[in-house]
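A short write-up of the structure that comes next.
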Amino acid sequence: MAGRTRKPRSSRNRRLAVLEMTTAAEVEAQWKQHLAHGGAYGAPGGKLHALVNLLIVGPAGMPIELPAKTVYCGADGTGYELTGFTAALKHELAEWVRANTAPDAAERAPTTKMQKLPREPKR
């Protein structure tokens, strides 16, 4: 077993990194500073140079998942480079930003609240 090496990870086995923004202002700032330029910036944690699937969620509750690479890891946050960043992807991100910065974005978000179920009377 001494000569055995580990196989490289495939893209299907990428770690999932989540970037959640709760306000339109957060989405707008992320767009101007990072997303429009092929990057993203999130909470601290992660491994430098790791390939990840970056799941970005905004106030409208519409997630977008993008392949990325961790390029910065520090106590203040984690920086990602979107892999395969093209004009088409930038346009798709711009549409996502428009949907998440709309005035009624949070009102249109799907809810995860469970409906109250009626209880049967005790016997």
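Going through the structure tokens in order, the chains are called A, B, and so on, while each chain numbers its residues from 1 and the ligands are numbered from 1 in the order shown.
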Which residues are close to Ala24 in chain A, i.e. within 8 Å by only C-alpha atoms, leaving aside same-chain residues fewer than 6 positions away? Reply as a PDB file with C-alpha atoms, in the first residue's frame.
ATOM      1  CA  GLY A  58     -30.222  36.651  -1.962  1.00  0.00           C
ATOM      2  CA  PRO A  59     -33.299  38.210  -0.374  1.00  0.00           C
ATOM      3  CA  ASN A 100     -32.679  40.266  -5.715  1.00  0.00           C
ATOM      4  CA  THR A 101     -32.514  44.059  -5.562  1.00  0.00           C
ATOM      5  CA  ALA A 102     -36.114  44.624  -6.651  1.00  0.00           C
TER       6      ALA A 102
END
Per-residue nearest contacts of range 34-60 of chain A to range 80-94 of chain A (8 Å; only C-alpha atoms) as a tab-separated table:
residue	atom	partner	partner_atom	distance
A:Leu35	CA	A:Leu93	CA	7.5
A:Ala36	CA	A:Lys90	CA	6.5
A:Gly38	CA	A:Leu82	CA	5.3
A:Gly39	CA	A:Glu81	CA	4.5
A:Ala40	CA	A:Tyr80	CA	5.1
A:Tyr41	CA	A:Tyr80	CA	6.1
Rank A:Glu28, A:Arg15, A:Gly42, A:Arg98 by their smallest atom-to-atom distance to Ala60 in chain A, using only C-alpha atoms, and report the top residue only.
->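 Ranked by minimum distance to Ala60 in chain A, first place goes to A:Arg98.
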What's the 12 Å shell around Leu16 in chain A, counting only C-alpha atoms, without same-chain residues fewer than 6 positions away, as JSON, numbers by chain?
-> {"A": [45, 46, 47, 50, 51, 52, 53, 54, 55, 56, 65, 66, 67, 68, 69, 70]}
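Per DSSP on the backbone, alpha helix (DSSP H) in range 52-103 of chain A comprises Ala87, Ala88, Leu89, Lys90, His91, Glu92, Leu93, Ala94, Glu95, Trp96, Val97, Arg98, Ala99, Asn100 and Thr101 of chain A.
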Using only C-alpha atoms, the residue out of A:Cys73, A:Leu48, A:Val57, A:Met62 with shortest distance to Val27 in chain A is A:Val57
